[in-house]
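Below is one structure; the comments refer to it alone.
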Amino acid sequence: MRKLTVLSVLLLTTSVFAQKFEGLALTPPMGWNSWNKFSCDVNEQLIRETADAMVATGMKEAGYQYINIDDCWHGKRDEQGFIQPDPERFPSGMKALSDYIHAKGLKLGIYSDAGWKTCGGRPGSRGYEYQDAMKYAEWGVDYLKYDWCFTDDLNAKGAYLTMRDALYAAGRPIVFSLCEWGSNKPWDWGKDIGHLWRTTGDITACFDCVVDHGSWKSWGVLQILDQQKGLRIHAGPDHWNDPDMMEVGNGMSVNEDRAHFTMWCILAAPLIAGNDLRNMSPETIAILTDPEAIAVNQDALGIQGYRAWAKDDLEVWFKPLSNDEWAVCFLNRSKEEKTVKFEWDDNEQSDSFSKRELDFEKTTCTIRDLWQKKDIGKTDKDFKATLPSHDVILLKLTPVK
Ligand code: GLA
């Protein structure tokens with residue numbers, strides 16, 4: 001009887017005081033996910049080799065840590081309803097896989113869905129949330145991406161809250177990634193539920209296009225970028241807007257990959273690589289591991305950047321950084337090369353969200369070109385450069401004290 005009371009008190013307190021695990025994503029999460037390159041074609045060998053490659057290529061050193069298995073790892077539920085991995089694809093089981101990944105100093109992510117089936121038709125978590133969360137904790141999972149297919153008329157906030165509480169009750173700190181495509185404005189309710197939320201439908205490896213699949217569309221880099229408008233006020237440490245996993249290394253040009261990566265840095269977006277880490281060109285590795293661009297993304301203030309100026313397919317983005325510094329990015333959306341001339345004095349910044357100001361008449365800054373790895377003067381002169389099509393220039397401004 002006494003045992004029973006203790007148990008009920010415990011259960012009661014976990015459900016009354018359930019919350020998200022705080023502090024797991026104080027800067028945007030960095031890692032890899034299988035979907036963009038491999039879609040349903042996942043197995044334990046691919047995951048192990050990807051973990052090996054994350055270390056061997058310097059990505060771990062650069063800050064990447066999550067190895068996330070997306071859809072299609074699932075087998076059947078057992079007689080008690082517990083989910084099991086597909087025995088052919090993951091014959092050694094998930095615990096062995098997480099041990100392997102943890103031994104490399106990396107973390108394991110997994111995927112499920114709030115509905116009764118995943119988007120790839122595997123068993124969803126609806127009705128099994130607590131059992132699934134228990135399994136993930138037992139397996140040593142560190143990150144859960146939770147999708148939104150086959151949810152019928154479920155209430156999104158309620159569905160994600162249920163899984164949050166289930167994860168909390170299971171007791172293992174797990175980053176909770178809400179993959180609800182922005183359909184129910186997760187930025188309005190996601191902050192206390194998850195650590196990041198998708199803001200759009202799926203990305204595709206194309207800089208400027210929309211792919212129509214009939215009942216749904218996937219979006220190019222520029223199309224996703226434009227859908228971030230107005231969302232920055234909702235993001236910050238431990239609660240990020242997620243414009244989807246990256247397509248760097250998946251077929252765009254080097255300029256486009258650099259522009260895509262840089263914009264994700266300016267957006268303070270999660271940096272989840274979506275390419276084959278086992279076969280990367282030197283250019284792809286250089287982009288994904290660039291320490292100075294990554295530092296812009298991982299800045300401790302966690303302020304998402306904003307479009308400050310736009311004309312004729314040329315845009316200028318600003319992102320406030322720690323120590324009064326700023327990142328500035330010139331983006332050329334057009335198919336033609338552009339000449340950039342930017343008059344700092346006419347472009348005083350006043351960002352009401354971050355309460356940061358930058359008046360170039362009062363404050364001169366030194367300028368570093370982060371991709372060229374060069375200090376290139378000060379803001380007391382106009383900035384002039386040539387910018388290739390579908391490319392960026394990323395600068396860091398440091399006030400001269
Ligand atoms: C949805 C998600 C994708 C991916 C697939 C898996 O489309 O948005 O990121 O997880 O499902 O089926």
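Each chain in the structure tokens gets a letter, A, B, ..., in the order shown, and its residues are numbered from 1; ligands are numbered from 1 in order too.
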
Show me which residues are within 6 Å of ligand 1 counting only C-alpha atoms and all ligand atoms, and format the list as a PyMOL selection string. chain A and resi 35+70-71+119-120+202

Would you mind listing what lies within 7 Å of Gly305 (chain A) as a PyMOL selection string, with only C-alpha atoms counted and same-chain residues fewer than 6 positions away left out? chain A and resi 266-267+317-320

Export, as a short mmCIF file (atom, residue, chain, number, x, y, z; two decimals), in the first residue's frame, the selected residues with N, CA and C atoms.
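Done, and the output landed in part.cif:
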```cif
data_model
loop_
_atom_site.label_atom_id
_atom_site.label_comp_id
_atom_site.auth_asym_id
_atom_site.auth_seq_id
_atom_site.Cartn_x
_atom_site.Cartn_y
_atom_site.Cartn_z
N ILE A 266 23.07 33.19 -40.23
CA ILE A 266 22.46 34.49 -39.91
C ILE A 266 21.11 34.29 -39.20
N LEU A 267 20.39 33.25 -39.60
CA LEU A 267 19.07 32.98 -39.01
C LEU A 267 19.17 32.33 -37.63
N TRP A 317 21.64 41.62 -44.69
CA TRP A 317 21.12 41.09 -43.43
C TRP A 317 22.07 41.46 -42.29
N PHE A 318 21.51 41.75 -41.14
CA PHE A 318 22.29 42.07 -39.94
C PHE A 318 21.94 41.08 -38.83
N LYS A 319 22.94 40.70 -38.07
CA LYS A 319 22.70 39.85 -36.89
C LYS A 319 23.53 40.38 -35.72
N PRO A 320 22.88 40.86 -34.67
CA PRO A 320 23.64 41.32 -33.50
C PRO A 320 24.36 40.15 -32.83
#
```

Can you tell me how far CA of Cys265 (chain A) sits from CA of Cys329 (chain A), in Å to one decimal?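 Distance between the two atoms: 10.0 Å.
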
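Summary of the local environment: counting only C-alpha atoms, residues at most 8 Å from region 49-57 of chain A, other than itself and those fewer than 2 positions away along its chain, are Gln45, Leu46, Ile47, Met59, Lys60, Glu61, Tyr64, Ile67, Ile101, Lys104, Leu106, Asp276, Leu277, Arg278 and Ile285 of chain A.
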
Give me, as a ChimeraX atom specification, all polymer residues having an atom no more than 10 Å from Asp188 (chain A), counting only C-alpha atoms and skipping those fewer than 2 positions away in the same chain. /A:157,184-186,190-191,231,234

Those residues you just picked out, can you put them in a file as a CSV table (one decimal), in the first residue's frame with N, CA and C atoms?
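Saved file again-v7.csv follows:
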```
chain,number,residue,atom,x,y,z
A,157,LYS,N,-0.7,21.7,-30.4
A,157,LYS,CA,-0.1,22.0,-29.1
A,157,LYS,C,-0.3,20.9,-28.1
A,184,ASN,N,0.6,25.1,-37.6
A,184,ASN,CA,-0.2,25.6,-36.5
A,184,ASN,C,0.6,26.7,-35.7
A,185,LYS,N,1.4,27.4,-36.4
A,185,LYS,CA,2.2,28.5,-35.8
A,185,LYS,C,2.9,28.0,-34.5
A,186,PRO,N,3.8,27.0,-34.6
A,186,PRO,CA,4.4,26.5,-33.3
A,186,PRO,C,5.3,27.6,-32.6
A,190,GLY,N,5.4,27.0,-28.9
A,190,GLY,CA,6.4,25.9,-28.8
A,190,GLY,C,7.5,26.1,-27.8
A,191,LYS,N,7.6,27.4,-27.3
A,191,LYS,CA,8.8,27.7,-26.5
A,191,LYS,C,9.0,26.8,-25.3
A,231,LEU,N,9.4,36.0,-37.9
A,231,LEU,CA,9.5,35.0,-36.9
A,231,LEU,C,10.6,35.2,-35.9
A,234,HIS,N,10.4,35.3,-32.0
A,234,HIS,CA,10.0,34.1,-31.3
A,234,HIS,C,11.2,33.2,-30.9
```

Shortest contact to Asp369 (chain A), candidates A:Val392, A:Val211, A:Ile110, A:Met94, atoms counted only C-alpha atoms, goes to A:Val392

CA of Gly249 (chain A) to CA of Leu288 (chain A): how many Å, to one decimal? 9.0 Å

Please provide as a count of residues only all residues within 12 Å of Gly23 (chain A), with the sequence filter that same-chain residues fewer than 4 positions apart are discarded (counting only C-alpha atoms). 15

Counting only C-alpha atoms, figure out which residue out of A:Arg77, A:Lys355, A:Lys335, A:Lys37 gets nearest to Val248 (chain A).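 Comparing A:Arg77, A:Lys355, A:Lys335, A:Lys37 against Val248 (chain A), the winner is A:Lys37.
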
Could you pull out the strand (DSSP E) residues of region 89-165 of chain A from DSSP and send them as an MDAnalysis selection string? chainID A and resid 107:113 143:147

Write out, as a PDB file, in the first residue's frame, the residues just selected, with C-alpha atoms.
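Saved to selection_4.pdb:
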```pdb
ATOM      1  CA  LYS A 107      24.787  11.916 -29.573  1.00  0.00           C
ATOM      2  CA  LEU A 108      21.966   9.908 -31.101  1.00  0.00           C
ATOM      3  CA  GLY A 109      18.744  11.342 -32.461  1.00  0.00           C
ATOM      4  CA  ILE A 110      15.639   9.475 -33.514  1.00  0.00           C
ATOM      5  CA  TYR A 111      12.371  10.258 -35.307  1.00  0.00           C
ATOM      6  CA  SER A 112       8.718   9.651 -34.641  1.00  0.00           C
ATOM      7  CA  ASP A 113       5.362  11.173 -35.464  1.00  0.00           C
ATOM      8  CA  TYR A 143      17.226  14.028 -29.611  1.00  0.00           C
ATOM      9  CA  LEU A 144      13.728  13.390 -30.934  1.00  0.00           C
ATOM     10  CA  LYS A 145      12.324  14.853 -34.146  1.00  0.00           C
ATOM     11  CA  TYR A 146       8.556  14.515 -33.941  1.00  0.00           C
ATOM     12  CA  ASP A 147       6.646  14.779 -37.201  1.00  0.00           C
TER      13      ASP A 147
END
```

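For the pair CA of Pro282 (chain A) and CA of Lys374 (chain A), the separation is 20.5 Å.
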
Write out as a short mmCIF file (atom, residue, chain, number, x, y, z; two decimals) with C-alpha atoms, in the first residue's frame each polymer residue whose atoms come within 12 Å of Thr386 (chain A), counting only C-alpha atoms; drop sequence neighbours fewer than 4 positions from it.
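Heads up, here's the output in part_3.cif:
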```cif
data_model
loop_
_atom_site.label_atom_id
_atom_site.label_comp_id
_atom_site.auth_asym_id
_atom_site.auth_seq_id
_atom_site.Cartn_x
_atom_site.Cartn_y
_atom_site.Cartn_z
CA LEU A 314 20.40 42.18 -53.50
CA PHE A 330 25.17 40.54 -48.52
CA LEU A 331 23.06 38.06 -50.47
CA ASN A 332 22.79 38.04 -54.24
CA GLU A 336 23.67 37.74 -62.48
CA GLU A 337 26.77 38.99 -60.73
CA LYS A 338 26.18 42.22 -58.79
CA THR A 339 28.24 45.19 -57.81
CA VAL A 340 27.80 46.06 -54.17
CA LYS A 341 28.21 49.57 -52.85
CA PHE A 342 27.03 49.99 -49.29
CA ASP A 391 26.41 33.91 -53.37
CA VAL A 392 27.08 35.88 -50.20
CA ILE A 393 29.65 38.07 -48.53
#
```

Spatial neighbours of Leu370 (chain A), 7 Å, only C-alpha atoms, chain gap at least 5 places, as a tab-separated table (two decimals) with all heavy atoms, in the first residue's frame:
```tsv
chain	number	residue	atom	x	y	z
A	292	GLU	N	34.48	30.50	-38.48
A	292	GLU	CA	34.01	31.88	-38.29
A	292	GLU	C	32.52	32.02	-38.63
A	292	GLU	O	31.79	32.77	-37.97
A	292	GLU	CB	34.88	32.84	-39.10
A	292	GLU	CG	36.31	32.85	-38.57
A	292	GLU	CD	37.19	33.88	-39.25
A	292	GLU	OE1	37.15	35.05	-38.85
A	292	GLU	OE2	37.93	33.51	-40.19
A	293	ALA	N	32.06	31.30	-39.64
A	293	ALA	CA	30.62	31.32	-39.95
A	293	ALA	C	29.84	30.63	-38.83
A	293	ALA	O	28.80	31.10	-38.38
A	293	ALA	CB	30.36	30.64	-41.29
A	394	LEU	N	30.05	37.56	-46.21
A	394	LEU	CA	29.73	37.58	-44.78
A	394	LEU	C	30.79	38.38	-44.04
A	394	LEU	O	31.98	38.04	-44.11
A	394	LEU	CB	29.67	36.14	-44.25
A	394	LEU	CG	29.38	35.98	-42.75
A	394	LEU	CD1	28.02	36.55	-42.37
A	394	LEU	CD2	29.46	34.49	-42.35
A	395	LEU	N	30.35	39.44	-43.38
A	395	LEU	CA	31.29	40.31	-42.67
A	395	LEU	C	31.02	40.27	-41.17
A	395	LEU	O	29.88	40.04	-40.75
A	395	LEU	CB	31.12	41.76	-43.15
A	395	LEU	CG	31.18	42.02	-44.66
A	395	LEU	CD1	30.91	43.51	-44.94
A	395	LEU	CD2	32.55	41.61	-45.22
A	396	LYS	N	32.08	40.54	-40.42
A	396	LYS	CA	31.87	40.77	-38.99
A	396	LYS	C	32.38	42.18	-38.66
A	396	LYS	O	33.49	42.55	-39.05
A	396	LYS	CB	32.62	39.73	-38.15
A	396	LYS	CG	32.22	39.84	-36.69
A	396	LYS	CD	32.76	38.69	-35.86
A	396	LYS	CE	34.20	38.93	-35.49
A	396	LYS	NZ	34.72	37.93	-34.55
```

Would you mind telling me which residue in A:Met163, A:Ala385, A:Ala327, A:Val210 lies nearest to Thr398 (chain A) when using only C-alpha atoms?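 Looking at the shortest contact to Thr398 (chain A), the residue is A:Ala327.
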